[in-house]
Structure formats: C-alpha cells, structure tokens
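**Q** The structure follows.
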Amino acid sequence: MRSAVIVFPGSNRDRDMRLALRRATGHEPHMIWHKDTELPELDLIVVPGGFSYGDYLRAGAMAARSPVMRTVVERANAGTPVMGVCNGFQVLTEIGLLPGALMRNANLKFICRNVGLRVETSQSLFTSGYDAGQVLSIPVAHHDGNYFADEATLDRLEGENRVAFRYVDDAGETSAAGNPNGSARNIAGVYNETGTVLGFMPHPENAVDPELGGTDGMALFDGLTRALS
Amino acid sequence: MKATVHVTLKTGVLDPQGKAIEHALGNLGFDGVEQARQGKFIELELADTDVDTARARVTDMCEKLLANTVIENYSVQIET
C-alpha cells in the first residue's frame with residue numbers, strides 16, 4: 001500500500017502516523033511538505049494531528065488553504081482514500097471534504113486521555129478490521145474537538161450510515177458522561193458521501209504499541225492495509 | 001481604504017467561551033448580563049479605491065477564509 005502523510009508547520013503526530021503506517025504496511029510512507037503541489041501515485045493520504053499554523057484564525061483553517069491541500073482535494077474527488085486525524089479532521093472540515101465543524105471543547109479544557117470509542121460500522125475501507133459496535137480505548141488530545149453540524153446534516157449523516165465513531169461511556173453507551181468534548185450526538189468521526197474520506201478526533205496511531213498503553217488502533221491500520229493493498 | 005470584518009457564531013451554535021465570560025461577569029458582580037457571545041474582529045488595509053469593489057473583495061475573503069460559514073456569520077464595513 002502506497003501512503004503519504006501531509007506535514008504542515010505545527011504538525012506533531014506526523015511521525016507517529018508514519019510509524020503506525022510503516023508497521024502495518026511494511027513500507028515507508030511518503031512525507032509530503034505543505035508547500036509541495038505534486039503527489040506520487042498513492043493508495044492513501046493521511047492528514048495528521050497537531051497544531052498546523054498554530055491554529056491561527058481557526059483550527060485547520062490555514063492548512064486547508066495551503067498549496068498541497070488543493071492536490072489532496074483533487075485526489076479525494078478522484079477517489080483516493082483520505083484520512084484526517086485530530087487536526088487532520090479539522091482541516092478536512094475546513095476544506096469542505098467533510099461536513100460540520102470542530103468547535104472549542106464544551107468544558108473549554110484541553111483533553112488528553114483515553115476515551116471509549118464505538119465503531120459504528122465495519123463496512124468501510126477504514127474499519128474493516130473491527131466489528132460494528134466494538135468499543136475501543138483510544139487516546140484523544142485536543143482543545144477543539146466538539147463536533148458541530150446542523151440538525152438536518154446530523155440526520156443525513158446518521159441516515160446514510162456516515163457516522164464512523166461515537167464517544168461512549170464505560171458501559172458502551174452514548175451518554176453525556178461518555179462524551180468528552182460536547183460533540184453533537186457523541187460523534188467522534190464521519191465519512192464523506194462515498195465513504196472514501198474519513199475524519200475523526202482520536203489518535204489510533206498512538207494506540208499501536210503495548211508499551212504506550214494499548215493496541216486498539218492497530219486493527220485500523222491493518223484493515224486499511226488489507227483493503228488497499 | 002480600511003475594511004473591518006466582524007465574525008460571530010451563528011445563533012444556535014453553542015458558544016462555551018461566551019458562556020464562561022457571562023459567568024465570570026456575574027461573579028464580578030455585573031448583574032443582568034443576559035448573554036455574552038464572543039467573536040472576532042479583523043481589520044484590513046486595502047489598496048482599493050472603489051468602495052463597491054472593496055466590499056465585494058472582502059466578502060469573497062470572508063467566504064473563502066475569514067469565516068467558517070458552517071458555524072459563523074460575518075459582516076463587512078468599509079471606511080473611506
């Protein structure tokens with residue numbers, strides 16, 4: 001599987017993503033600087049986490065207008081799978097590849113801890129390594145992860161099975177207690193209309209090594225590798 | 001020519017920072033603050049000489065960068 005990780009000034013999970021991809025695919029991903037406009041032939045593009053451009057104006061706003069993202073949008077529209085994690089999710093909403101927006105966390109605090117994350121469907125390129133309804137423990141690390149979309153958009157996302165992940169409590173329920181950041185309907189991640197673009201806040205690339213607290217993220221990368229190789 | 005842009009959260013979009021300001025004002029003894037909403041104020045110095053052209057260009061800037069119209073409204077004032 002040929003993959004690439006986009007690197008902005010202020011990205012900070014780009015190298016974690018590189019390691020996770022290398023472990024799963026056996027190949028070194030391309031690291032693409034934000035000023036590049038050419039991309040090699042790719043099976044997967046990842047927009048990683050961090051604080052691109054210092055979160056100036058809005059989280060992800062500047063990165064969404066960077067030169068490389070024009071090419072990423074072209075590739076996404078041509079069907080190349082694109083995955084945005086954390087700041088990458090913010091970038092993909094800012095650029096309009098995914099609906100909604102990520103607002104300041106409801107409690108106004110930066111949240112850095114593991115959350116319960118329910119896989120809503122296994123019928124996707126990204127989640128075929130999981131069972132629908134499976135609950136994972138995956139870290140989040142964000143200040144602006146409060147997913148917002150208008151009610152009609154939320155209804156459409158649910159109706160079209162485009163909610164990828166939801167935050168859940170210890171019992172696996174989508175309660176207020178299980179919602180770390182105030183996200184609408186506990187939504188942690190969404191797909192585009194064709195299911196080829198996924199954005200979500202938690203960090204599976206930080207859950208691929210037992211020494212670092214868990215391996216629940218591994219099946220995402222392994223499933224992607226099987227689906228795209 | 002100077003343009004000023006106000007960017008505010010749309011009605012119905014939760015504004016936790018505004019809520020925190022509202023509570024803090026109450027704690028300081030400022031009664032009767034029924035709501036606080038936080039937004040952004042952006043000043044632009046423009047080379048334009050025509051007001052209508054400037055307004056159209058700044059509106060385009062708002063649509064493309066300065067505001068996220070999923071969650072925000074914007075207003076443009078031009079000072080000559």
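By order of appearance in the structure tokens: chains A, B, ..., then residues from 1 within every chain, and ligands from 1 in the order shown.
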Using only C-alpha atoms, what table do you get, as CSV, when you list each residue of chain B with an atom no more than 10 Å from chain A, its nearest pair of atoms, and their distance in Å rounded to one decimal, rows by chain then rising number?
**A**
```
residue,atom,partner,partner_atom,distance
B:Gly12,CA,A:Asp150,CA,9.0
B:Val13,CA,A:Phe148,CA,8.0
B:Leu14,CA,A:Ala106,CA,8.4
B:Asp15,CA,A:Ala106,CA,8.3
B:Pro16,CA,A:Ala106,CA,5.7
B:Gln17,CA,A:Leu108,CA,7.1
B:Lys19,CA,A:Ala106,CA,9.9
B:Ala20,CA,A:Leu108,CA,8.6
B:Lys40,CA,A:Leu57,CA,8.9
B:Lys64,CA,A:Arg65,CA,8.8
B:Leu65,CA,A:Ala61,CA,7.2
B:Leu66,CA,A:Leu57,CA,7.5
B:Ala67,CA,A:Leu57,CA,8.8
B:Asn68,CA,A:Glu94,CA,7.2
B:Thr69,CA,A:Ala101,CA,9.7
B:Val70,CA,A:Gly100,CA,6.5
B:Ile71,CA,A:Ala101,CA,7.1
```
**Q** Using the selection just defined, write its residues with all heavy atoms as a compact mmCIF listing (two decimals), in the first residue's frame.
**A**
```txt
# COMPACT_ATOMS: atom_id res chain seq x y z
N GLY B 12 -27.74 29.70 17.72
CA GLY B 12 -28.00 28.26 17.81
C GLY B 12 -26.72 27.44 17.91
O GLY B 12 -26.75 26.28 18.26
N VAL B 13 -25.58 28.09 17.58
CA VAL B 13 -24.30 27.41 17.77
C VAL B 13 -23.82 27.71 19.19
O VAL B 13 -23.72 28.88 19.57
CB VAL B 13 -23.25 27.89 16.75
CG1 VAL B 13 -21.88 27.28 17.04
CG2 VAL B 13 -23.69 27.55 15.34
N LEU B 14 -23.56 26.66 19.96
CA LEU B 14 -23.14 26.86 21.34
C LEU B 14 -21.82 27.62 21.38
O LEU B 14 -20.93 27.37 20.57
CB LEU B 14 -22.96 25.51 22.05
CG LEU B 14 -24.23 24.82 22.50
CD1 LEU B 14 -23.90 23.48 23.11
CD2 LEU B 14 -25.00 25.69 23.49
N ASP B 15 -21.70 28.54 22.32
CA ASP B 15 -20.50 29.36 22.45
C ASP B 15 -19.98 29.21 23.88
O ASP B 15 -20.28 30.03 24.74
CB ASP B 15 -20.86 30.82 22.13
CG ASP B 15 -19.69 31.75 22.31
OD1 ASP B 15 -18.55 31.26 22.49
OD2 ASP B 15 -19.91 32.97 22.26
N PRO B 16 -19.22 28.14 24.15
CA PRO B 16 -18.77 27.92 25.54
C PRO B 16 -17.91 29.05 26.07
O PRO B 16 -17.95 29.35 27.27
CB PRO B 16 -17.99 26.60 25.46
CG PRO B 16 -17.84 26.25 24.03
CD PRO B 16 -18.81 27.06 23.24
N GLN B 17 -17.14 29.71 25.19
CA GLN B 17 -16.31 30.82 25.66
C GLN B 17 -17.19 32.00 26.07
O GLN B 17 -16.94 32.66 27.09
CB GLN B 17 -15.32 31.25 24.58
CG GLN B 17 -14.29 30.16 24.31
CD GLN B 17 -13.34 30.52 23.18
OE1 GLN B 17 -12.20 30.88 23.42
NE2 GLN B 17 -13.81 30.40 21.96
N LYS B 19 -20.19 31.74 27.19
CA LYS B 19 -20.81 31.31 28.45
C LYS B 19 -19.88 31.56 29.63
O LYS B 19 -20.30 32.03 30.70
CB LYS B 19 -21.14 29.81 28.40
CG LYS B 19 -22.48 29.51 27.76
CD LYS B 19 -23.58 29.51 28.82
CE LYS B 19 -24.93 29.37 28.16
NZ LYS B 19 -25.78 30.53 28.32
N ALA B 20 -18.58 31.26 29.43
CA ALA B 20 -17.60 31.45 30.50
C ALA B 20 -17.48 32.94 30.84
O ALA B 20 -17.39 33.32 32.02
CB ALA B 20 -16.25 30.88 30.09
N LYS B 40 -14.87 37.51 16.50
CA LYS B 40 -13.57 38.02 16.06
C LYS B 40 -13.77 39.34 15.32
O LYS B 40 -14.80 39.55 14.67
CB LYS B 40 -12.91 37.05 15.09
CG LYS B 40 -12.55 35.70 15.67
CD LYS B 40 -11.70 34.92 14.68
CE LYS B 40 -11.41 33.52 15.20
NZ LYS B 40 -12.47 32.57 14.89
N LYS B 64 -14.09 32.70 1.72
CA LYS B 64 -13.02 31.74 1.43
C LYS B 64 -12.09 31.48 2.62
O LYS B 64 -11.42 30.46 2.65
CB LYS B 64 -12.19 32.23 0.25
CG LYS B 64 -12.96 32.11 -1.06
CD LYS B 64 -12.11 32.39 -2.27
CE LYS B 64 -12.90 32.10 -3.55
NZ LYS B 64 -12.55 33.01 -4.63
N LEU B 65 -12.02 32.41 3.56
CA LEU B 65 -11.06 32.19 4.66
C LEU B 65 -11.51 32.75 6.01
O LEU B 65 -11.48 32.05 7.01
CB LEU B 65 -9.70 32.83 4.30
CG LEU B 65 -8.63 32.75 5.40
CD1 LEU B 65 -8.24 31.29 5.68
CD2 LEU B 65 -7.39 33.55 5.02
N LEU B 66 -11.94 34.03 6.02
CA LEU B 66 -12.05 34.72 7.32
C LEU B 66 -13.15 34.14 8.20
O LEU B 66 -13.04 34.17 9.42
CB LEU B 66 -12.28 36.22 7.09
CG LEU B 66 -11.17 36.93 6.30
CD1 LEU B 66 -11.49 38.42 6.14
CD2 LEU B 66 -9.82 36.76 6.95
N ALA B 67 -14.20 33.61 7.60
CA ALA B 67 -15.27 32.99 8.38
C ALA B 67 -15.47 31.54 7.94
O ALA B 67 -15.23 31.21 6.78
CB ALA B 67 -16.57 33.76 8.20
N ASN B 68 -15.86 30.70 8.86
CA ASN B 68 -16.32 29.35 8.51
C ASN B 68 -17.84 29.40 8.53
O ASN B 68 -18.45 29.42 9.59
CB ASN B 68 -15.79 28.34 9.53
CG ASN B 68 -16.26 26.92 9.22
OD1 ASN B 68 -17.20 26.73 8.45
ND2 ASN B 68 -15.62 25.94 9.81
N THR B 69 -18.44 29.45 7.35
CA THR B 69 -19.87 29.73 7.26
C THR B 69 -20.74 28.57 7.74
O THR B 69 -21.95 28.70 7.79
CB THR B 69 -20.26 30.13 5.82
OG1 THR B 69 -19.82 29.11 4.92
CG2 THR B 69 -19.61 31.45 5.43
N VAL B 70 -20.11 27.45 8.09
CA VAL B 70 -20.88 26.36 8.72
C VAL B 70 -21.33 26.81 10.12
O VAL B 70 -22.43 26.48 10.56
CB VAL B 70 -20.01 25.08 8.83
CG1 VAL B 70 -20.73 23.99 9.62
CG2 VAL B 70 -19.65 24.57 7.45
N ILE B 71 -20.48 27.58 10.79
CA ILE B 71 -20.76 27.94 12.18
C ILE B 71 -20.80 29.44 12.43
O ILE B 71 -21.22 29.89 13.48
CB ILE B 71 -19.72 27.31 13.15
CG1 ILE B 71 -18.29 27.57 12.64
CG2 ILE B 71 -19.96 25.84 13.34
CD1 ILE B 71 -17.20 27.16 13.61
```
**Q** Hey, what's within 12 Å of Glu45 of chain B if we count only C-alpha atoms and toss same-chain stuff fewer than 6 positions away? As a ChimeraX atom specification, please?
**A** /B:1-5,54,58,78-80
**Q** I need the residues from that last selection saved to file as a CSV table (one decimal), in the first residue's frame (with N, CA, C and O atoms), if you can.
**A**
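As written to disk, out.csv reads:
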```csv
chain,number,residue,atom,x,y,z
B,1,MET,N,-7.8,52.5,1.9
B,1,MET,CA,-9.2,52.2,2.4
B,1,MET,C,-9.2,51.1,3.4
B,1,MET,O,-8.4,50.2,3.3
B,2,LYS,N,-10.0,51.3,4.5
B,2,LYS,CA,-9.9,50.3,5.5
B,2,LYS,C,-11.2,49.5,5.6
B,2,LYS,O,-12.3,50.0,5.4
B,3,ALA,N,-11.1,48.2,5.7
B,3,ALA,CA,-12.3,47.3,5.9
B,3,ALA,C,-12.2,46.7,7.3
B,3,ALA,O,-11.1,46.3,7.8
B,4,THR,N,-13.3,46.6,7.9
B,4,THR,CA,-13.4,45.9,9.2
B,4,THR,C,-14.4,44.8,9.1
B,4,THR,O,-15.5,44.9,8.4
B,5,VAL,N,-14.0,43.6,9.6
B,5,VAL,CA,-14.9,42.4,9.5
B,5,VAL,C,-15.2,41.9,10.9
B,5,VAL,O,-14.3,41.8,11.7
B,54,ALA,N,-14.2,47.0,-3.2
B,54,ALA,CA,-13.6,46.6,-1.9
B,54,ALA,C,-14.5,45.7,-1.1
B,54,ALA,O,-14.2,44.6,-0.6
B,58,VAL,N,-13.8,41.8,0.0
B,58,VAL,CA,-13.7,41.4,1.4
B,58,VAL,C,-14.8,40.4,1.6
B,58,VAL,O,-14.5,39.4,2.4
B,78,ILE,N,-16.9,49.1,5.3
B,78,ILE,CA,-15.8,49.8,4.6
B,78,ILE,C,-15.7,51.2,5.1
B,78,ILE,O,-16.7,51.9,5.1
B,79,GLU,N,-14.5,51.6,5.5
B,79,GLU,CA,-14.3,53.0,5.8
B,79,GLU,C,-13.5,53.7,4.8
B,79,GLU,O,-12.4,53.2,4.4
B,80,THR,N,-13.9,54.9,4.3
B,80,THR,CA,-13.2,55.5,3.3
B,80,THR,C,-12.4,56.7,3.9
B,80,THR,O,-12.7,57.1,5.0
```
**Q** Please extract the residues of segment 7-64 of chain B with a backbone DSSP assignment of alpha helix (DSSP H) and present them as a VMD selection string.
**A** chain B and resid 16 to 27 51 to 61
**Q** Excluding Val7 of chain B and residues on its chain fewer than 2 positions from it, collect all residues at most 6 Å away from it, counting only C-alpha atoms, and give them as a list in words.
**A**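 My reading of the contact set: Gly39, Lys40, Asn73 and Tyr74 of chain B.
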**Q** Of the candidates B:Gly26, B:Asp60, B:His6, B:Gln77, which one gets nearest to Phe41 of chain B if we count only C-alpha atoms?
**A**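 Comparing B:Gly26, B:Asp60, B:His6, B:Gln77 against Phe41 of chain B, the winner is B:His6.
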